[in-house]
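To start, the structure under review is shown below, and the notes come after it.
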Amino acid sequence: VGLQVLFEVQGAAPLPADRGDVDQDLKTHGAKHFSLGVSNVRDVFDFLRSKGVDIAMDVVEVGGTVTGYIRDNSGILVELPEPFAGGTA
């Protein structure tokens, strides 16, 4: 798995404290979340954790879907779900 920083703004303000809570952040307007399907969430999270990636919400299973959230360097949430029970992510 390779990670690449797409955007980084020198001198940018840090993420506001109220954006640190995943549940509350998702209730705030604006682009701050996208999803990338992966074949094995637990393996991916083990790898990302070993590289020091910010784990916003660890791996959970909800309604048969295994997923988790990381945060990029600007605070945007990235959801990493396994394919849904119906077979597509």
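A note on labels: chains of the structure tokens are A, B, ... as shown, every chain counts residues from 1, and ligands are counted from 1 in their shown order.
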
Problem set entry | For stretch 65-76 of chain A: contacts at 7 Å, only C-alpha atoms, fewer than 3 positions along chain excluded, given as a count of residues only | 19

For this session: Please identify which residues in stretch 5-85 of chain A DSSP calls strand (DSSP E) from the backbone, and express them as number ranges by chain.
Result: A: 33-35, 54-62, 65-71, 77-79

Problem set entry | Shortest interatomic distance to A:Val78 - which of A:Asp43, A:Ser35, A:Ser50, A:Ala12, counting only C-alpha atoms |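 Closest to A:Val78 of all the choices is A:Ser35.
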
Exercise. With only C-alpha atoms as the basis for distance, which of A:Leu36, A:Leu48, A:Leu26, A:Ala13 is at the shortest distance from A:Pro83?
Worked result: A:Leu36

For this session: Please run DSSP on the backbone and report, as a list in words, all residues within stretch 25-87 of chain A that come out as helix (DSSP H, G or I).
Result: Asp25, Val41, Arg42, Asp43, Val44, Phe45, Asp46, Phe47, Leu48, Arg49 and Ser50 of chain A
